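Source file: my_file.cif. Holds: mmCIF, C-alpha atoms and all ligand atoms.
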data_work
loop_
_atom_site.label_atom_id
_atom_site.label_comp_id
_atom_site.auth_asym_id
_atom_site.auth_seq_id
_atom_site.Cartn_x
_atom_site.Cartn_y
_atom_site.Cartn_z
CA MET Y 1 57.61 1.06 4.37
CA ARG Y 2 60.02 -0.47 6.88
CA THR Y 3 59.77 -3.24 9.50
CA THR Y 4 61.87 -5.77 11.39
CA VAL Y 5 60.36 -8.92 9.88
CA GLY Y 6 58.57 -8.80 6.54
CA ILE Y 7 56.16 -11.75 6.40
CA ILE Y 8 54.87 -12.89 3.00
CA GLY Y 9 51.60 -14.82 3.26
CA ALA Y 10 48.73 -14.87 5.77
CA GLY Y 11 48.16 -18.61 5.93
CA PRO Y 12 48.65 -20.36 9.26
CA ALA Y 13 52.47 -19.97 9.04
CA GLY Y 14 52.55 -16.22 8.40
CA LEU Y 15 49.72 -15.39 10.81
CA LEU Y 16 51.10 -17.41 13.70
CA LEU Y 17 54.60 -16.02 13.13
CA ALA Y 18 53.22 -12.47 13.30
CA ARG Y 19 51.48 -13.35 16.58
CA LEU Y 20 54.57 -14.97 18.15
CA LEU Y 21 56.74 -12.01 17.13
CA HIS Y 22 54.19 -9.57 18.52
CA ASN Y 23 54.27 -11.44 21.84
CA ALA Y 24 58.09 -11.21 21.81
CA GLY Y 25 57.99 -7.46 21.13
CA ILE Y 26 59.30 -7.80 17.56
CA GLY Y 27 57.64 -5.78 14.82
CA SER Y 28 56.37 -7.29 11.57
CA VAL Y 29 54.28 -6.50 8.50
CA VAL Y 30 52.25 -9.24 6.82
CA LEU Y 31 51.56 -9.10 3.06
CA GLU Y 32 48.77 -11.34 1.73
CA SER Y 33 47.83 -11.50 -1.94
CA ARG Y 34 44.20 -12.62 -1.40
CA ASP Y 35 41.33 -10.83 0.33
CA ARG Y 36 40.32 -11.57 3.91
CA ALA Y 37 37.13 -13.46 3.04
CA TYR Y 38 39.05 -15.82 0.75
CA VAL Y 39 41.70 -16.59 3.37
CA GLU Y 40 39.02 -17.22 6.01
CA ARG Y 41 36.99 -19.57 3.77
CA ARG Y 42 39.67 -21.70 2.10
CA GLN Y 43 38.92 -25.29 3.23
CA ARG Y 44 42.04 -27.20 4.12
CA ALA Y 45 43.40 -28.84 7.26
CA GLY Y 46 41.32 -30.03 10.15
CA ILE Y 47 43.60 -31.78 12.64
CA LEU Y 48 45.86 -30.06 15.14
CA GLU Y 49 48.58 -32.03 16.88
CA GLN Y 50 48.99 -31.76 20.63
CA GLY Y 51 52.05 -29.50 20.14
CA THR Y 52 50.12 -27.16 17.83
CA VAL Y 53 47.28 -26.91 20.35
CA ASP Y 54 49.80 -26.08 23.10
CA VAL Y 55 51.47 -23.40 20.94
CA LEU Y 56 48.15 -21.73 20.03
CA ARG Y 57 47.13 -21.64 23.70
CA ALA Y 58 50.49 -20.21 24.80
CA ALA Y 59 50.25 -17.56 22.05
CA GLY Y 60 46.87 -16.42 23.41
CA ALA Y 61 45.04 -17.79 20.37
CA GLY Y 62 43.41 -20.84 21.92
CA ALA Y 63 40.23 -19.55 23.58
CA ARG Y 64 37.73 -20.37 20.81
CA MET Y 65 39.61 -23.56 19.90
CA ASP Y 66 39.16 -24.74 23.50
CA ARG Y 67 35.45 -23.90 23.41
CA GLU Y 68 34.58 -25.21 19.96
CA GLY Y 69 37.32 -27.69 18.99
CA LEU Y 70 36.77 -31.42 19.41
CA PRO Y 71 39.52 -33.27 21.31
CA HIS Y 72 40.11 -36.69 19.71
CA GLU Y 73 41.84 -39.56 21.44
CA GLY Y 74 42.04 -41.99 18.58
CA ILE Y 75 41.39 -42.88 14.95
CA GLU Y 76 39.90 -45.91 13.28
CA LEU Y 77 41.71 -47.91 10.60
CA ARG Y 78 39.33 -49.77 8.31
CA PHE Y 79 40.32 -52.54 5.89
CA ASP Y 80 38.95 -55.92 4.79
CA ARG Y 81 35.54 -54.69 6.08
CA ARG Y 82 37.01 -54.75 9.62
CA ARG Y 83 37.61 -51.91 12.08
CA HIS Y 84 40.57 -51.24 14.34
CA ARG Y 85 40.81 -48.34 16.81
CA VAL Y 86 44.18 -46.75 17.59
CA ASP Y 87 44.07 -45.36 21.14
CA PHE Y 88 46.45 -42.37 21.22
CA PRO Y 89 46.71 -41.56 24.96
CA ALA Y 90 47.22 -45.24 25.86
CA LEU Y 91 50.08 -45.55 23.36
CA THR Y 92 51.76 -42.16 23.83
CA ALA Y 93 51.54 -41.47 27.56
CA GLY Y 94 48.56 -39.17 27.19
CA ARG Y 95 48.95 -37.36 23.86
CA SER Y 96 45.97 -36.64 21.62
CA VAL Y 97 44.86 -34.30 18.80
CA MET Y 98 42.19 -31.63 18.28
CA VAL Y 99 39.70 -31.31 15.44
CA TYR Y 100 39.60 -27.57 14.73
CA ALA Y 101 39.58 -26.31 11.17
CA GLN Y 102 42.41 -24.34 9.61
CA THR Y 103 39.83 -21.75 8.55
CA GLU Y 104 39.01 -21.18 12.23
CA VAL Y 105 42.69 -21.00 13.28
CA CYS Y 106 43.20 -18.36 10.57
CA LYS Y 107 40.09 -16.38 11.61
CA ASP Y 108 41.26 -16.34 15.24
CA LEU Y 109 44.79 -15.23 14.31
CA ILE Y 110 43.54 -12.56 11.87
CA ALA Y 111 41.24 -11.14 14.56
CA LEU Y 112 44.13 -10.96 17.05
CA GLN Y 113 46.47 -9.43 14.50
CA THR Y 114 44.04 -6.71 13.43
CA GLU Y 115 43.18 -5.86 17.06
CA GLN Y 116 46.64 -5.98 18.60
CA GLY Y 117 49.39 -6.73 16.08
CA GLY Y 118 51.26 -4.93 13.32
CA PRO Y 119 49.96 -4.19 9.83
CA LEU Y 120 48.31 -7.05 7.93
CA LEU Y 121 47.71 -6.01 4.33
CA PHE Y 122 45.24 -8.04 2.27
CA GLU Y 123 45.32 -7.91 -1.52
CA ALA Y 124 49.02 -7.09 -1.24
CA GLU Y 125 50.89 -9.38 -3.59
CA ALA Y 126 54.63 -9.85 -3.09
CA LEU Y 127 56.34 -9.68 -6.48
CA ALA Y 128 59.92 -10.49 -5.45
CA VAL Y 129 62.33 -10.73 -2.53
CA GLU Y 130 65.45 -8.69 -3.30
CA ASP Y 131 68.89 -8.74 -1.69
CA ALA Y 132 68.00 -11.72 0.47
CA ASP Y 133 71.67 -12.31 1.27
CA GLY Y 134 72.49 -8.65 1.92
CA ASP Y 135 72.03 -6.64 5.15
CA ARG Y 136 68.80 -4.98 4.02
CA PRO Y 137 66.50 -7.41 2.24
CA ARG Y 138 63.44 -5.92 0.52
CA VAL Y 139 60.08 -7.22 -0.59
CA ARG Y 140 58.63 -5.60 -3.69
CA PHE Y 141 54.84 -5.80 -3.63
CA ARG Y 142 51.69 -4.45 -5.27
CA HIS Y 143 48.89 -3.02 -3.14
CA GLU Y 144 45.84 -0.96 -4.17
CA GLY Y 145 47.14 -0.72 -7.72
CA ARG Y 146 50.56 0.67 -6.74
CA GLU Y 147 53.96 -0.94 -6.43
CA ASP Y 148 55.71 -0.45 -3.12
CA VAL Y 149 58.77 -1.73 -1.25
CA LEU Y 150 58.94 -3.22 2.24
CA GLU Y 151 62.42 -2.86 3.73
CA CYS Y 152 63.19 -5.42 6.42
CA ASP Y 153 65.88 -6.85 8.69
CA TYR Y 154 64.53 -10.32 7.90
CA VAL Y 155 62.04 -11.78 5.44
CA ALA Y 156 59.84 -14.77 6.31
CA GLY Y 157 58.62 -16.56 3.18
CA CYS Y 158 55.30 -18.03 4.36
CA ASP Y 159 53.61 -17.81 0.96
CA GLY Y 160 52.80 -21.48 0.41
CA PHE Y 161 53.84 -23.80 -2.39
CA TRP Y 162 52.95 -21.37 -5.22
CA GLY Y 163 54.49 -18.26 -3.64
CA VAL Y 164 57.45 -16.18 -4.83
CA SER Y 165 59.86 -16.35 -1.91
CA ARG Y 166 61.39 -19.75 -2.71
CA SER Y 167 62.52 -18.43 -6.09
CA ALA Y 168 64.77 -15.87 -4.30
CA VAL Y 169 67.11 -18.74 -3.41
CA PRO Y 170 69.59 -19.12 -6.29
CA ALA Y 171 69.25 -22.44 -8.12
CA ASP Y 172 72.87 -23.36 -7.41
CA ARG Y 173 72.21 -23.04 -3.66
CA SER Y 174 69.06 -25.16 -3.53
CA GLN Y 175 68.22 -28.81 -3.69
CA ILE Y 176 64.73 -30.13 -4.32
CA PHE Y 177 63.47 -33.56 -3.24
CA GLU Y 178 60.13 -34.42 -4.75
CA ARG Y 179 57.60 -37.15 -5.48
CA THR Y 180 54.23 -36.92 -7.14
CA TYR Y 181 51.44 -39.50 -6.85
CA PRO Y 182 49.08 -40.69 -9.60
CA PHE Y 183 46.02 -39.84 -7.48
CA GLY Y 184 44.46 -36.99 -5.52
CA TRP Y 185 41.68 -36.43 -2.99
CA LEU Y 186 38.15 -35.41 -3.82
CA GLY Y 187 37.09 -33.59 -0.63
CA VAL Y 188 33.52 -32.69 0.30
CA LEU Y 189 31.90 -30.77 3.13
CA ALA Y 190 28.44 -32.04 4.03
CA ASP Y 191 25.79 -30.72 6.40
CA VAL Y 192 25.34 -33.98 8.28
CA PRO Y 193 26.62 -35.08 11.70
CA PRO Y 194 29.72 -37.28 11.31
CA SER Y 195 28.75 -40.96 11.14
CA HIS Y 196 31.50 -41.87 13.59
CA ASP Y 197 32.84 -39.92 16.55
CA GLU Y 198 36.46 -40.36 15.46
CA LEU Y 199 38.24 -40.12 12.09
CA VAL Y 200 38.08 -43.22 9.91
CA TYR Y 201 40.96 -44.02 7.51
CA ALA Y 202 39.74 -46.71 5.10
CA ARG Y 203 41.84 -48.86 2.77
CA HIS Y 204 39.72 -50.43 0.02
CA GLU Y 205 40.39 -52.20 -3.31
CA ARG Y 206 38.64 -49.27 -5.02
CA GLY Y 207 40.83 -46.71 -3.24
CA PHE Y 208 41.27 -44.80 0.00
CA ALA Y 209 38.48 -42.96 1.84
CA LEU Y 210 38.60 -40.72 4.90
CA LEU Y 211 35.81 -39.67 7.21
CA SER Y 212 36.61 -36.49 9.12
CA MET Y 213 34.58 -33.61 10.49
CA ARG Y 214 34.52 -29.89 11.10
CA SER Y 215 32.03 -29.93 13.98
CA THR Y 216 29.38 -32.20 15.47
CA SER Y 217 27.04 -31.15 12.64
CA VAL Y 218 29.41 -30.92 9.63
CA SER Y 219 31.21 -33.89 8.03
CA ARG Y 220 34.37 -33.64 5.96
CA LEU Y 221 34.87 -36.63 3.66
CA TYR Y 222 37.58 -37.54 1.17
CA LEU Y 223 37.84 -40.08 -1.68
CA GLN Y 224 40.98 -41.13 -3.52
CA VAL Y 225 40.46 -40.22 -7.20
CA PRO Y 226 42.75 -40.49 -10.25
CA ASP Y 227 45.17 -37.64 -10.85
CA GLY Y 228 43.58 -34.89 -12.97
CA THR Y 229 39.99 -35.60 -11.82
CA ASP Y 230 37.61 -32.63 -12.04
CA ALA Y 231 35.38 -32.32 -8.95
CA GLY Y 232 32.48 -31.36 -11.25
CA ASP Y 233 32.65 -34.84 -12.83
CA TRP Y 234 31.28 -36.36 -9.63
CA ARG Y 235 27.56 -36.03 -8.90
CA ASP Y 236 26.67 -35.93 -5.19
CA GLU Y 237 24.83 -39.23 -5.46
CA GLU Y 238 27.93 -40.90 -6.94
CA ILE Y 239 30.12 -39.52 -4.16
CA TRP Y 240 27.89 -40.93 -1.42
CA ALA Y 241 27.61 -44.31 -3.17
CA GLU Y 242 31.40 -44.55 -3.53
CA LEU Y 243 31.97 -43.49 0.09
CA GLU Y 244 29.50 -46.16 1.21
CA ARG Y 245 31.34 -48.85 -0.74
CA ARG Y 246 34.74 -47.94 0.64
CA PHE Y 247 33.60 -47.57 4.27
CA GLU Y 248 31.46 -50.73 4.29
CA THR Y 249 32.06 -53.05 7.27
CA ALA Y 250 30.98 -56.58 8.13
CA ASP Y 251 29.20 -55.29 11.26
CA GLY Y 252 26.70 -53.16 9.33
CA TRP Y 253 28.07 -49.65 10.09
CA ARG Y 254 26.05 -46.97 8.28
CA LEU Y 255 27.14 -43.74 6.59
CA GLU Y 256 24.62 -40.93 7.03
CA ARG Y 257 24.08 -38.70 3.99
CA GLY Y 258 23.37 -34.98 3.88
CA PRO Y 259 23.58 -31.99 1.53
CA ILE Y 260 27.08 -31.48 0.07
CA THR Y 261 28.00 -27.79 0.36
CA GLN Y 262 31.52 -27.78 -1.17
CA LYS Y 263 33.65 -30.08 -3.29
CA SER Y 264 37.18 -29.82 -4.61
CA VAL Y 265 40.12 -31.97 -5.68
CA THR Y 266 43.55 -31.77 -4.05
CA PRO Y 267 46.58 -33.16 -5.84
CA MET Y 268 49.14 -35.11 -3.77
CA ARG Y 269 52.80 -34.32 -3.59
CA SER Y 270 55.86 -34.78 -1.39
CA PHE Y 271 58.34 -31.91 -1.73
CA VAL Y 272 61.27 -30.55 0.29
CA HIS Y 273 63.39 -27.51 -0.57
CA GLU Y 274 66.80 -27.45 1.13
CA PRO Y 275 68.03 -25.30 2.73
CA MET Y 276 65.11 -23.44 4.30
CA ARG Y 277 67.21 -20.29 4.67
CA HIS Y 278 69.09 -18.06 2.29
CA GLY Y 279 70.83 -15.10 3.93
CA ARG Y 280 68.11 -13.12 5.70
CA LEU Y 281 65.26 -14.98 3.99
CA PHE Y 282 63.66 -17.81 5.98
CA LEU Y 283 61.19 -20.17 4.30
CA ALA Y 284 58.44 -21.63 6.48
CA GLY Y 285 55.49 -23.99 5.95
CA ASP Y 286 54.32 -25.04 2.47
CA ALA Y 287 56.75 -22.55 0.88
CA ALA Y 288 59.53 -24.95 1.90
CA HIS Y 289 57.84 -28.35 1.96
CA ILE Y 290 54.69 -30.24 1.04
CA VAL Y 291 53.44 -33.55 2.38
CA PRO Y 292 50.59 -35.62 0.94
CA PRO Y 293 47.65 -34.96 3.29
CA THR Y 294 47.28 -38.53 4.66
CA GLY Y 295 48.16 -38.17 8.33
CA ALA Y 296 47.42 -34.43 8.56
CA LYS Y 297 50.93 -33.07 8.94
CA GLY Y 298 51.06 -29.96 6.69
CA LEU Y 299 49.66 -27.29 8.98
CA ASN Y 300 51.41 -28.77 11.98
CA LEU Y 301 54.75 -28.63 10.19
CA ALA Y 302 54.14 -24.99 9.32
CA VAL Y 303 53.52 -24.31 13.02
CA GLY Y 304 56.77 -26.08 13.97
CA ASP Y 305 58.74 -23.94 11.51
CA VAL Y 306 57.44 -20.60 12.72
CA VAL Y 307 57.85 -21.52 16.39
CA THR Y 308 61.50 -22.33 15.62
CA LEU Y 309 61.91 -19.08 13.68
CA ALA Y 310 60.23 -16.89 16.29
CA ARG Y 311 62.40 -18.40 19.03
CA ALA Y 312 65.54 -17.79 16.97
CA LEU Y 313 64.62 -14.16 16.24
CA ALA Y 314 63.77 -13.52 19.90
CA HIS Y 315 67.06 -15.14 20.95
CA GLU Y 316 68.98 -12.88 18.57
CA ARG Y 317 67.12 -9.84 19.87
CA ARG Y 318 67.85 -10.79 23.50
CA THR Y 319 71.45 -11.97 23.27
CA GLY Y 320 72.77 -10.63 19.97
CA SER Y 321 73.66 -14.20 18.98
CA ALA Y 322 72.59 -15.53 15.58
CA ASP Y 323 73.25 -19.16 16.63
CA LEU Y 324 69.61 -20.24 16.49
CA LEU Y 325 68.99 -18.41 13.22
CA ASP Y 326 72.01 -20.17 11.76
CA ALA Y 327 70.62 -23.51 12.95
CA TYR Y 328 67.06 -22.78 11.67
CA SER Y 329 67.17 -24.82 8.48
CA GLU Y 330 68.78 -27.88 10.04
CA THR Y 331 66.52 -27.79 13.09
CA CYS Y 332 63.39 -27.63 10.95
CA LEU Y 333 64.52 -30.17 8.37
CA ARG Y 334 64.99 -32.89 11.01
CA ARG Y 335 61.30 -32.59 11.90
CA VAL Y 336 60.23 -32.06 8.28
CA TRP Y 337 61.84 -35.29 7.11
CA GLN Y 338 60.15 -37.26 9.90
CA ALA Y 339 56.81 -35.87 8.74
CA GLU Y 340 57.69 -36.62 5.10
CA ARG Y 341 58.45 -40.19 6.08
CA PHE Y 342 55.23 -40.61 8.06
CA SER Y 343 53.02 -38.99 5.39
CA TYR Y 344 54.58 -41.15 2.69
CA ASP Y 345 54.10 -44.28 4.81
CA MET Y 346 50.44 -43.45 5.53
CA THR Y 347 49.80 -42.63 1.87
CA THR Y 348 51.33 -45.84 0.52
CA LEU Y 349 49.71 -47.87 3.32
CA LEU Y 350 46.17 -46.77 2.51
CA HIS Y 351 45.91 -45.75 -1.17
CA ARG Y 352 45.43 -48.02 -4.14
CA HIS Y 353 48.23 -47.41 -6.63
CA PRO Y 354 46.86 -47.85 -10.20
CA ASP Y 355 49.81 -50.15 -11.05
CA ALA Y 356 49.73 -52.14 -7.81
CA THR Y 357 50.42 -55.84 -8.30
CA PRO Y 358 48.65 -58.56 -6.27
CA PHE Y 359 51.94 -58.92 -4.37
CA GLU Y 360 51.87 -55.25 -3.37
CA ASP Y 361 48.21 -55.52 -2.37
CA ARG Y 362 49.06 -58.35 -0.01
CA LEU Y 363 52.00 -56.38 1.41
CA GLN Y 364 49.68 -53.45 2.13
CA LEU Y 365 47.34 -55.74 4.06
CA ALA Y 366 50.31 -57.23 5.90
CA ARG Y 367 51.47 -53.75 6.92
CA LEU Y 368 47.98 -52.99 8.24
CA ALA Y 369 47.81 -56.32 10.04
CA ARG Y 370 51.15 -55.55 11.67
CA ILE Y 371 49.84 -52.24 13.03
CA THR Y 372 46.74 -53.89 14.42
CA THR Y 373 48.56 -56.78 16.10
CA SER Y 374 51.85 -55.29 17.30
CA ARG Y 375 51.79 -52.70 20.05
CA ALA Y 376 55.21 -51.48 18.89
CA ALA Y 377 53.96 -50.85 15.33
CA GLU Y 378 50.78 -49.23 16.59
CA THR Y 379 52.75 -47.01 18.98
CA ASP Y 380 54.94 -45.87 16.09
CA LEU Y 381 51.81 -44.69 14.23
CA ALA Y 382 50.28 -43.05 17.32
CA GLU Y 383 53.49 -41.17 18.19
CA ALA Y 384 53.86 -39.79 14.68
CA TYR Y 385 50.15 -38.92 14.32
CA THR Y 386 49.96 -36.99 17.59
CA GLY Y 387 53.22 -35.25 16.67
CA PHE Y 388 56.89 -35.14 17.39
CA ARG Y 389 58.01 -32.75 20.08
CA LEU Y 390 59.46 -29.43 18.95
CA ASP Y 391 63.23 -29.21 19.58
P1 LIG D 401 49.27 -21.55 3.00
O1 LIG D 401 48.15 -21.96 3.88
O2 LIG D 401 49.28 -22.01 1.58
O3 LIG D 401 49.36 -19.98 3.05
C1 LIG D 401 50.15 -19.22 2.17
C2 LIG D 401 49.53 -17.85 2.01
O4 LIG D 401 50.39 -17.05 1.19
C3 LIG D 401 48.19 -17.90 1.31
O5 LIG D 401 47.24 -17.17 2.06
C4 LIG D 401 48.45 -17.28 -0.05
O6 LIG D 401 47.32 -16.59 -0.56
C5 LIG D 401 49.60 -16.33 0.28
N1 LIG D 401 50.45 -15.97 -0.86
C6 LIG D 401 50.88 -16.77 -1.88
N2 LIG D 401 51.66 -16.11 -2.72
C7 LIG D 401 51.73 -14.83 -2.25
C8 LIG D 401 52.39 -13.65 -2.70
N3 LIG D 401 53.11 -13.64 -3.80
N4 LIG D 401 52.26 -12.51 -1.97
C9 LIG D 401 51.52 -12.50 -0.82
N5 LIG D 401 50.87 -13.60 -0.36
C10 LIG D 401 50.98 -14.74 -1.07
N6 LIG D 401 47.58 -30.07 7.24
C11 LIG D 401 47.42 -30.52 8.51
O7 LIG D 401 48.31 -30.27 9.34
N7 LIG D 401 46.32 -31.23 8.92
C12 LIG D 401 45.33 -31.55 8.04
O8 LIG D 401 44.33 -32.13 8.45
C13 LIG D 401 45.49 -31.15 6.66
N8 LIG D 401 44.55 -31.43 5.76
C14 LIG D 401 44.65 -30.90 4.50
C15 LIG D 401 43.63 -31.16 3.62
C16 LIG D 401 43.69 -30.62 2.36
C17 LIG D 401 42.57 -30.92 1.40
C18 LIG D 401 44.80 -29.78 1.98
C19 LIG D 401 44.86 -29.13 0.60
C20 LIG D 401 45.82 -29.53 2.85
C21 LIG D 401 45.76 -30.08 4.13
N9 LIG D 401 46.76 -29.85 5.04
C22 LIG D 401 46.64 -30.36 6.30
C23 LIG D 401 47.91 -29.02 4.70
C24 LIG D 401 47.77 -27.57 5.19
O9 LIG D 401 46.55 -27.02 4.76
C25 LIG D 401 48.95 -26.73 4.69
O10 LIG D 401 50.14 -27.39 4.98
C26 LIG D 401 48.95 -25.33 5.35
O11 LIG D 401 47.96 -24.52 4.77
C27 LIG D 401 50.31 -24.65 5.19
O12 LIG D 401 50.24 -23.34 5.71
P2 LIG D 401 51.13 -22.18 5.12
O13 LIG D 401 50.79 -20.97 5.91
O14 LIG D 401 52.54 -22.63 5.03
O15 LIG D 401 50.67 -22.02 3.60
C1 LIG D 402 41.72 -34.05 7.49
C2 LIG D 402 42.71 -34.00 6.56
C3 LIG D 402 43.70 -34.95 6.61
O1 LIG D 402 44.71 -34.91 5.73
C4 LIG D 402 43.71 -35.95 7.56
O2 LIG D 402 44.69 -36.89 7.55
C5 LIG D 402 42.73 -35.97 8.49
C6 LIG D 402 41.72 -35.01 8.46
C7 LIG D 402 40.64 -33.03 7.45
O3 LIG D 402 40.68 -32.17 6.56
O4 LIG D 402 39.74 -33.08 8.29
#

Would you mind giving the structure from this file in structure tokens?
Amino acid sequence: MRTTVGIIGAGPAGLLLARLLHNAGIGSVVLESRDRAYVERRQRAGILEQGTVDVLRAAGAGARMDREGLPHEGIELRFDRRRHRVDFPALTAGRSVMVYAQTEVCKDLIALQTEQGGPLLFEAEALAVEDADGDRPRVRFRHEGREDVLECDYVAGCDGFWGVSRSAVPADRSQIFERTYPFGWLGVLADVPPSHDELVYARHERGFALLSMRSTSVSRLYLQVPDGTDAGDWRDEEIWAELERRFETADGWRLERGPITQKSVTPMRSFVHEPMRHGRLFLAGDAAHIVPPTGAKGLNLAVGDVVTLARALAHERRTGSADLLDAYSETCLRRVWQAERFSYDMTTLLHRHPDATPFEDRLQLARLARITTSRAAETDLAEAYTGFRLD
């Protein structure tokens, strides 16, 4: 099999890249190790930055998002049983975000790809990227019980944190920057209308809690839990009771309960692999970097990477110049490190570290107080949350 761009992974990064390349008249083949139903069901991100919304619309993948997504113009910060709203458009000259689940973005992109785009092979597991720094890189993969080879001009490693493409970069050419956290998120989906019309980020002595949503009838809720927690250890009743404690306010706000339909635990990690390119292999999305989820940057970063890559490939096709491809890693890493910084700040602002001292607790409250009393500090949060512009 032969193609221009071999794309490993049909998460948001791989699927959107395939769509952008298709629109630019560049051929691609997408290899995805899981089956379609799994990819379309995997619960993950829920918040799209303004820039991501604009990119999906421009790529012709925004119709259902515009019908069914929920535009959000702010979030609530909750601490000390008090509530503070951050008004995005007022602080950012009109920017906002959209609540539209990653599962739905993937469904829309898969539908477009299967109707109009190049081959998208499910249950096709990439085994290795070979000759990444030669003229003819290859992806060895297994599909329908047979091993096969995809010959490419370029390979896009969009296979997430656990994929194979990153390992094609020789150890002496790569640098890894990493931090783990001693807690994770227990996430639940519940068939109950969200108890607030905007997201609520709560800092509490017992740990962080987040109220989000997937639609006007489905809530998405998260609780900070110790590292290594098994979701099965939490009974539904215990989850609701803990959420109620952490969201409690002095003004009597109430959390509505409903049937929990899914629960899982997500570990937290900050991770950056530099560089994001090796020869003709380009890493994009979680394959190159991970942020802790607080602040909802992961999917949006993946989108930024593939927009940069698609532009660079189209530029090379049009002009014969590899300038933008050569600049890919540096261009992306500038944005990636801003998101790493913001996600780290939001995580340490809102989570209870098990070893936190009373001094650090007070500092956390002082940081929150600063955001709620200084327009400059609040603007900094609003700008980062709604997203940095793509270069
Ligand atoms: P992935 O979505 O991981 O996709 C990689 C794909 O590659 C997968 O389909 C995988 O099956 C496939 N693959 C792996 N190995 C191989 C192989 N060898 N061969 C072929 N295919 C392979 N981000 C946000 O922006 N906003 C949020 O609100 C947000 N909330 C989150 C909440 C949770 C609980 C979690 C876990 C994450 C959240 N994120 C959020 C992060 C976001 O989900 C990820 O950053 C995003 O999925 C990255 O997309 P990706 O395409 O790079 O990787
Ligand atoms: C969601 C996830 C996040 O990490 C976040 O900051 C906000 C919302 C969500 O899954 O809805």

Quiz item: Quick one, how far is CA of Pro12 (chain Y) from CA of Val164 (chain Y)?
Solution: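 It comes out at 17.1 Å.
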
Practice problem: Report as number ranges by chain which protein, DNA and RNA residues come within 7 Å of ligand LIG 402 (chain D), using all atoms listed in the file. | Solution: Y: 44-47, 212-214, 220, 293-296

Please identify all protein, DNA and RNA residues within 6 Å of ligand LIG 401 (chain D), counting only C-alpha atoms and all ligand atoms, and report them as a PDB file with C-alpha atoms, in the coordinates of the input.
ATOM      1  CA  ILE Y   8      54.870 -12.890   3.000  1.00  0.00           C
ATOM      2  CA  GLY Y   9      51.600 -14.820   3.260  1.00  0.00           C
ATOM      3  CA  ALA Y  10      48.730 -14.870   5.770  1.00  0.00           C
ATOM      4  CA  GLY Y  11      48.160 -18.610   5.930  1.00  0.00           C
ATOM      5  CA  PRO Y  12      48.650 -20.360   9.260  1.00  0.00           C
ATOM      6  CA  ALA Y  13      52.470 -19.970   9.040  1.00  0.00           C
ATOM      7  CA  GLY Y  14      52.550 -16.220   8.400  1.00  0.00           C
ATOM      8  CA  LEU Y  31      51.560  -9.100   3.060  1.00  0.00           C
ATOM      9  CA  GLU Y  32      48.770 -11.340   1.730  1.00  0.00           C
ATOM     10  CA  SER Y  33      47.830 -11.500  -1.940  1.00  0.00           C
ATOM     11  CA  ARG Y  34      44.200 -12.620  -1.400  1.00  0.00           C
ATOM     12  CA  VAL Y  39      41.700 -16.590   3.370  1.00  0.00           C
ATOM     13  CA  ARG Y  44      42.040 -27.200   4.120  1.00  0.00           C
ATOM     14  CA  ALA Y  45      43.400 -28.840   7.260  1.00  0.00           C
ATOM     15  CA  GLY Y  46      41.320 -30.030  10.150  1.00  0.00           C
ATOM     16  CA  ILE Y  47      43.600 -31.780  12.640  1.00  0.00           C
ATOM     17  CA  ALA Y 124      49.020  -7.090  -1.240  1.00  0.00           C
ATOM     18  CA  GLU Y 125      50.890  -9.380  -3.590  1.00  0.00           C
ATOM     19  CA  ALA Y 126      54.630  -9.850  -3.090  1.00  0.00           C
ATOM     20  CA  LEU Y 127      56.340  -9.680  -6.480  1.00  0.00           C
ATOM     21  CA  CYS Y 158      55.300 -18.030   4.360  1.00  0.00           C
ATOM     22  CA  ASP Y 159      53.610 -17.810   0.960  1.00  0.00           C
ATOM     23  CA  GLY Y 160      52.800 -21.480   0.410  1.00  0.00           C
ATOM     24  CA  TRP Y 162      52.950 -21.370  -5.220  1.00  0.00           C
ATOM     25  CA  GLY Y 163      54.490 -18.260  -3.640  1.00  0.00           C
ATOM     26  CA  VAL Y 164      57.450 -16.180  -4.830  1.00  0.00           C
ATOM     27  CA  THR Y 266      43.550 -31.770  -4.050  1.00  0.00           C
ATOM     28  CA  GLY Y 285      55.490 -23.990   5.950  1.00  0.00           C
ATOM     29  CA  ASP Y 286      54.320 -25.040   2.470  1.00  0.00           C
ATOM     30  CA  ALA Y 287      56.750 -22.550   0.880  1.00  0.00           C
ATOM     31  CA  PRO Y 293      47.650 -34.960   3.290  1.00  0.00           C
ATOM     32  CA  ALA Y 296      47.420 -34.430   8.560  1.00  0.00           C
ATOM     33  CA  LYS Y 297      50.930 -33.070   8.940  1.00  0.00           C
ATOM     34  CA  GLY Y 298      51.060 -29.960   6.690  1.00  0.00           C
ATOM     35  CA  LEU Y 299      49.660 -27.290   8.980  1.00  0.00           C
ATOM     36  CA  ASN Y 300      51.410 -28.770  11.980  1.00  0.00           C
ATOM     37  CA  ALA Y 302      54.140 -24.990   9.320  1.00  0.00           C
TER      38      ALA Y 302
END

Quiz item: What is the CA of Ala384 (chain Y) to CA of Thr331 (chain Y) distance in Å?
Solution: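 The value is 17.5 Å.
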
Practice problem: Skip Lys263 (chain Y) itself and residues of its chain fewer than 4 positions away, then list as a list in words all residues within 10 Å of it, counting all atoms listed in the file. | Solution: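 My reading of the contact set: Gln43, Leu186, Gly187, Val188, Leu189, Ala190, Arg220, Leu221, Tyr222, Asp230, Ala231, Gly232, Trp234 and Asp236 of chain Y.
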
Quiz item: When distances are computed from only C-alpha atoms, which of Y:Glu340, Y:Asp35, Y:Glu316, Y:Glu274 shows the smallest separation from Gln175 (chain Y)?
Solution: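 Distance minimum relative to Gln175 (chain Y) lands on Y:Glu274.
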